[in-house]
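Listing of start01.tsv; format and content: TSV, C-alpha atoms.
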chain	number	residue	atom	x	y	z
Z	1	MET	CA	0.00	0.00	0.00
Z	2	GLY	CA	1.56	3.29	-1.10
Z	3	ASN	CA	1.82	6.47	0.93
Z	4	ALA	CA	-0.99	8.11	-1.06
Z	5	ASP	CA	-3.34	5.22	-0.27
Z	6	GLN	CA	-2.32	5.31	3.38
Z	7	GLU	CA	-3.01	9.06	3.52
Z	8	LYS	CA	-6.42	8.52	1.96
Z	9	ALA	CA	-7.27	5.82	4.52
Z	10	LEU	CA	-6.05	8.08	7.35
Z	11	ARG	CA	-8.20	10.97	6.07
Z	12	ILE	CA	-11.24	8.67	6.12
Z	13	LEU	CA	-10.33	7.69	9.68
Z	14	GLU	CA	-10.03	11.39	10.57
Z	15	ALA	CA	-13.58	11.97	9.32
Z	16	ALA	CA	-14.81	9.08	11.47
Z	17	LEU	CA	-12.99	10.57	14.46
Z	18	ASP	CA	-14.74	13.89	13.90
Z	19	LEU	CA	-18.10	12.15	13.94
Z	20	ARG	CA	-17.59	9.56	16.68
Z	21	ALA	CA	-15.13	11.28	19.03
Z	22	PRO	CA	-15.15	15.06	18.57
Z	23	VAL	CA	-13.13	15.62	21.78
Z	24	VAL	CA	-10.12	13.79	20.34
Z	25	ARG	CA	-7.71	16.16	18.63
Z	26	HIS	CA	-5.92	14.71	15.63
Z	27	ARG	CA	-3.35	15.71	13.05
Z	28	LEU	CA	-1.82	13.95	10.08
Z	29	LYS	CA	1.97	13.66	10.35
Z	30	LYS	CA	4.76	11.70	8.70
Z	31	PHE	CA	7.38	9.40	10.15
Z	32	PRO	CA	10.99	10.28	9.27
Z	33	GLU	CA	10.99	7.61	6.57
Z	34	GLY	CA	7.93	9.25	4.99
Z	35	ALA	CA	5.05	6.98	6.03
Z	36	PRO	CA	1.99	8.95	7.19
Z	37	PHE	CA	0.37	8.47	10.57
Z	38	LEU	CA	-2.38	10.09	12.60
Z	39	TRP	CA	-1.35	11.76	15.85
Z	40	LEU	CA	-4.14	11.76	18.47
Z	41	SER	CA	-4.42	13.59	21.75
Z	42	PHE	CA	-7.23	12.98	24.20
Z	43	PRO	CA	-7.98	15.39	27.09
Z	44	GLY	CA	-6.55	13.96	30.29
Z	45	ALA	CA	-4.43	11.35	28.52
Z	46	GLY	CA	-1.17	11.27	26.66
Z	47	GLY	CA	-0.80	11.20	22.90
Z	48	ALA	CA	-1.09	8.29	20.51
Z	49	ALA	CA	-0.25	7.36	16.94
Z	50	ILE	CA	-2.36	5.37	14.49
Z	51	PHE	CA	-0.74	4.06	11.35
Z	52	LEU	CA	-1.13	1.31	8.79
Z	53	ASP	CA	1.17	-1.70	8.78
Z	54	ARG	CA	0.43	-4.20	5.99
Z	55	ARG	CA	-3.26	-3.20	5.75
Z	56	GLN	CA	-3.71	-3.33	9.54
Z	57	TRP	CA	-4.44	-0.36	11.83
Z	58	ILE	CA	-1.88	-0.14	14.62
Z	59	TYR	CA	-2.41	2.05	17.70
Z	60	LEU	CA	0.58	3.06	19.85
Z	61	SER	CA	0.07	5.23	22.89
Z	62	GLU	CA	2.56	7.62	24.38
Z	63	PRO	CA	1.24	7.88	27.93
Z	64	LYS	CA	1.88	10.45	30.59
Z	65	ARG	CA	4.51	9.74	33.21
Z	66	GLY	CA	3.63	6.76	35.39
Z	67	GLU	CA	1.05	5.28	32.99
Z	68	VAL	CA	1.32	2.16	30.89
Z	69	ALA	CA	1.90	2.31	27.14
Z	70	VAL	CA	-0.65	0.52	24.97
Z	71	GLN	CA	-0.15	-1.19	21.63
Z	72	LEU	CA	-3.24	-2.42	19.83
Z	73	SER	CA	-4.23	-3.78	16.47
Z	74	ALA	CA	-7.50	-1.94	15.81
Z	75	GLY	CA	-8.54	-3.86	12.71
Z	76	GLN	CA	-8.00	-4.08	9.00
Z	77	VAL	CA	-7.94	-1.18	6.56
Z	78	ASP	CA	-11.10	-2.60	4.96
Z	79	ASP	CA	-13.04	-2.39	8.27
Z	80	ASP	CA	-15.60	0.33	8.75
Z	81	PRO	CA	-13.80	3.43	10.14
Z	82	ALA	CA	-16.54	3.90	12.76
Z	83	LEU	CA	-15.86	0.37	14.01
Z	84	VAL	CA	-12.13	1.08	14.24
Z	85	ILE	CA	-12.84	4.23	16.28
Z	86	GLU	CA	-15.18	2.28	18.57
Z	87	ARG	CA	-12.34	-0.16	19.24
Z	88	LEU	CA	-9.94	2.66	20.00
Z	89	LEU	CA	-12.09	4.78	22.35
Z	90	PRO	CA	-11.93	2.48	25.42
Z	91	VAL	CA	-8.14	2.31	25.06
Z	92	MET	CA	-7.69	6.07	24.57
Z	93	THR	CA	-9.74	7.30	27.53
Z	94	PRO	CA	-7.85	7.52	30.81
Z	95	VAL	CA	-8.97	5.18	33.58
Z	96	ARG	CA	-10.07	6.99	36.71
Z	97	ARG	CA	-9.80	5.03	39.88
Z	98	ARG	CA	-12.08	5.92	42.75
Z	99	ARG	CA	-10.55	6.97	45.98
Z	100	SER	CA	-11.11	4.88	49.08
Z	101	THR	CA	-14.41	5.20	50.91
Z	102	ALA	CA	-12.83	6.85	53.95
Z	103	VAL	CA	-11.24	9.57	51.83
Z	104	ARG	CA	-14.50	10.14	49.95
Z	105	VAL	CA	-16.46	10.42	53.23
Z	106	LEU	CA	-13.95	12.88	54.67
Z	107	ALA	CA	-13.91	15.01	51.53
Z	108	ALA	CA	-17.70	15.05	51.17
Z	109	SER	CA	-18.17	15.85	54.86
Z	110	GLY	CA	-15.61	18.63	54.83
Z	111	ILE	CA	-17.01	20.24	51.68
Z	112	GLY	CA	-20.56	19.85	53.00
Z	113	LEU	CA	-19.71	21.44	56.35
Z	114	ALA	CA	-17.78	24.29	54.81
Z	115	SER	CA	-20.42	25.11	52.21
Z	116	GLY	CA	-23.27	24.72	54.71
Z	117	ALA	CA	-21.58	27.03	57.20
Z	118	GLY	CA	-20.81	29.56	54.48
Z	119	VAL	CA	-24.33	29.61	53.06
Z	120	GLY	CA	-25.88	29.68	56.54
Z	121	LEU	CA	-23.70	32.58	57.68
Z	122	LEU	CA	-24.21	34.54	54.48
Z	123	SER	CA	-27.98	34.06	54.50
Z	124	ALA	CA	-28.17	34.99	58.20
Z	125	VAL	CA	-26.27	38.23	57.59
Z	126	LEU	CA	-28.33	39.14	54.53
Z	127	MET	CA	-31.66	38.39	56.19
Z	128	ALA	CA	-30.65	40.24	59.38
Z	129	ILE	CA	-29.73	43.32	57.34
Z	130	LEU	CA	-32.99	43.16	55.40
Z	131	VAL	CA	-35.17	42.51	58.46
Z	132	ALA	CA	-33.46	45.16	60.59
Z	133	GLY	CA	-33.46	47.64	57.70
Z	134	ASN	CA	-37.22	47.37	57.36
Z	135	GLY	CA	-37.79	47.93	61.07
Z	136	TYR	CA	-39.05	44.44	61.96
Z	137	LEU	CA	-36.61	44.01	64.81
Z	138	SER	CA	-38.08	41.72	67.50
Z	139	ASP	CA	-37.19	38.50	69.25
Z	140	THR	CA	-39.49	36.52	66.99
Z	141	SER	CA	-38.02	37.90	63.79
Z	142	THR	CA	-34.49	37.18	65.05
Z	143	VAL	CA	-35.41	33.54	65.80
Z	144	VAL	CA	-37.05	33.19	62.37
Z	145	VAL	CA	-33.96	34.63	60.65
Z	146	TYR	CA	-31.66	32.22	62.50
Z	147	ALA	CA	-33.94	29.25	61.82
Z	148	LEU	CA	-34.14	30.05	58.10
Z	149	ALA	CA	-30.39	30.56	57.89
Z	150	ALA	CA	-29.79	27.23	59.64
Z	151	LEU	CA	-32.24	25.49	57.31
Z	152	LEU	CA	-30.58	26.98	54.22
Z	153	GLY	CA	-27.13	26.05	55.55
Z	154	VAL	CA	-28.09	22.45	56.30
Z	155	ALA	CA	-29.84	22.03	52.94
Z	156	SER	CA	-26.94	23.45	50.94
Z	157	GLY	CA	-24.38	21.49	52.97
Z	158	LEU	CA	-26.23	18.21	52.41
Z	159	TRP	CA	-26.66	18.95	48.71
Z	160	MET	CA	-22.99	19.82	48.29
Z	161	ALA	CA	-21.85	16.74	50.25
Z	162	TRP	CA	-24.07	14.52	48.10
Z	163	ARG	CA	-22.75	16.03	44.88
Z	164	TRP	CA	-19.13	15.68	46.05
Z	165	TRP	CA	-19.76	12.04	47.04
Z	166	ARG	CA	-21.24	11.27	43.62
Z	167	LEU	CA	-18.22	12.78	41.85
Z	168	GLY	CA	-16.05	10.24	43.59
Go through the file and emit its structure as structure tokens.
Amino acid sequence: MGNADQEKALRILEAALDLRAPVVRHRLKKFPEGAPFLWLSFPGAGGAAIFLDRRQWIYLSEPKRGEVAVQLSAGQVDDDPALVIERLLPVMTPVRRRRSTAVRVLAASGIGLASGAGVGLLSAVLMAILVAGNGYLSDTSTVVVYALAALLGVASGLWMAWRWWRLG
């Protein structure tokens, strides 16, 4: 397969990448000996090269420091380009490992407490200024302001802790 045919096949693969994986950046380059290849970069992962070797798509990753390099045969040149991309996507995306449960609980609790205290304090100050500014200063209005501020703080703290827990 000549370089012109390889470039044509790589251009077709580029079009499939644009449709199936728009977040993957790609660029057509040439090896020093002149053979074309497709350079890919995925957000959060290292780069990778896709090239043809005897009518077979070869994927070689260049991972970030501390990660494992991957070499994969993604199919034949006659395969549907969308199918080749579907084979490559699980390999290209970085694997996120969840932190331990204790670390997640501590992080979610700390963020929940901090955001709840912040929202509660801010809402108490704002409501106190508004209530006192309108002349409704009494013991009952002060208790209502504190109760509403506590309720807002607890609700926002629980919501934030839940969201942080779900993020992992």
In Å, rounded to a single decimal, give me how far atom CA of Leu167 of chain Z is from atom CA of Val103 of chain Z.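 Pair atom CA of Val103 of chain Z / atom CA of Leu167 of chain Z returns 12.6 Å.
For the pair atom CA of Val23 of chain Z and atom CA of Pro43 of chain Z, the interatomic distance is 7.4 Å.
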Segment 13-131 of chain Z near segment 142-145 of chain Z within 9 Å: what's each residue's closest atom pair and its distance in Å to one decimal, counting all atoms listed in the file, ordered by chain then ascending residue number, as a tab-separated table?
residue	atom	partner	partner_atom	distance
Z:Ser123	CA	Z:Val145	CA	8.6
Z:Ala124	CA	Z:Val145	CA	6.3
Z:Met127	CA	Z:Val145	CA	6.3
Z:Ala128	CA	Z:Val145	CA	6.6
Z:Val131	CA	Z:Val145	CA	8.3
List as a ChimeraX atom specification the protein and nucleic acid residues near Ala74 of chain Z, meaning an atom at most 10 Å away when all atoms listed in the file are counted, but skip any in the same chain fewer than 3 places from it. /Z:50,56-59,71,77,79,83-88
Report, in Å to a single decimal, how far apart atom CA of Glu14 of chain Z and atom CA of Leu38 of chain Z are.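 Computing it gives 8.0 Å between the two atoms.
The list of residues within 8 Å of (-30.0, 27.6, 53.2), counted using only C-alpha atoms, is Gly116, Val119, Gly120, Ser123, Leu148, Ala149, Ala150, Leu151, Leu152, Gly153, Val154, Ala155 and Ser156 of chain Z.
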Show which residues sit within 12 Å of Arg54 of chain Z, as a short mmCIF file (atom, residue, chain, number, x, y, z; two decimals) with C-alpha atoms, in the coordinates of the input. Count all atoms listed in the file, and ignore same-chain residues fewer than 2 positions away.
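File result35.cif, as written:
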data_model
loop_
_atom_site.label_atom_id
_atom_site.label_comp_id
_atom_site.auth_asym_id
_atom_site.auth_seq_id
_atom_site.Cartn_x
_atom_site.Cartn_y
_atom_site.Cartn_z
CA MET Z 1 0.00 0.00 0.00
CA GLY Z 2 1.56 3.29 -1.10
CA ASN Z 3 1.82 6.47 0.93
CA ASP Z 5 -3.34 5.22 -0.27
CA GLN Z 6 -2.32 5.31 3.38
CA PHE Z 51 -0.74 4.06 11.35
CA LEU Z 52 -1.13 1.31 8.79
CA GLN Z 56 -3.71 -3.33 9.54
CA TRP Z 57 -4.44 -0.36 11.83
CA ILE Z 58 -1.88 -0.14 14.62
CA SER Z 73 -4.23 -3.78 16.47
CA GLY Z 75 -8.54 -3.86 12.71
CA GLN Z 76 -8.00 -4.08 9.00
CA VAL Z 77 -7.94 -1.18 6.56
CA ASP Z 78 -11.10 -2.60 4.96
#
Counting only C-alpha atoms, the residue of Z:Ala82, Z:Met160, Z:Ile129, Z:Leu13 that sits nearest Gly110 of chain Z: Z:Met160
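Take the candidates Z:Gly47, Z:Pro81, Z:Phe31, Z:Ala161 and check each one against Asp18 of chain Z using all atoms listed in the file; the shortest distance goes to Z:Pro81.
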Could you tell me which of Z:Ala35, Z:Val91, Z:Val105, Z:Ala45 comes closest to Ala4 of chain Z if we count only C-alpha atoms? Z:Ala35
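Of the listed residues (Z:Asp53, Z:Lys30, Z:Leu122, Z:Trp162), Z:Leu122 comes nearest to Tyr146 of chain Z; the distances count only C-alpha atoms.
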Using all atoms listed in the file, pick whichever of Z:Leu89, Z:Leu10, Z:Leu113, Z:Val70 has the shortest atom-to-atom distance to Val24 of chain Z.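 When distances to Val24 of chain Z are compared using all atoms listed in the file, the smallest one comes from Z:Leu89.
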What lies within 8 Å of Arg25 of chain Z using all atoms listed in the file, ignoring chain neighbours under 2 positions off, as a PyMOL selection string? chain Z and resi 22-23+27+40-42
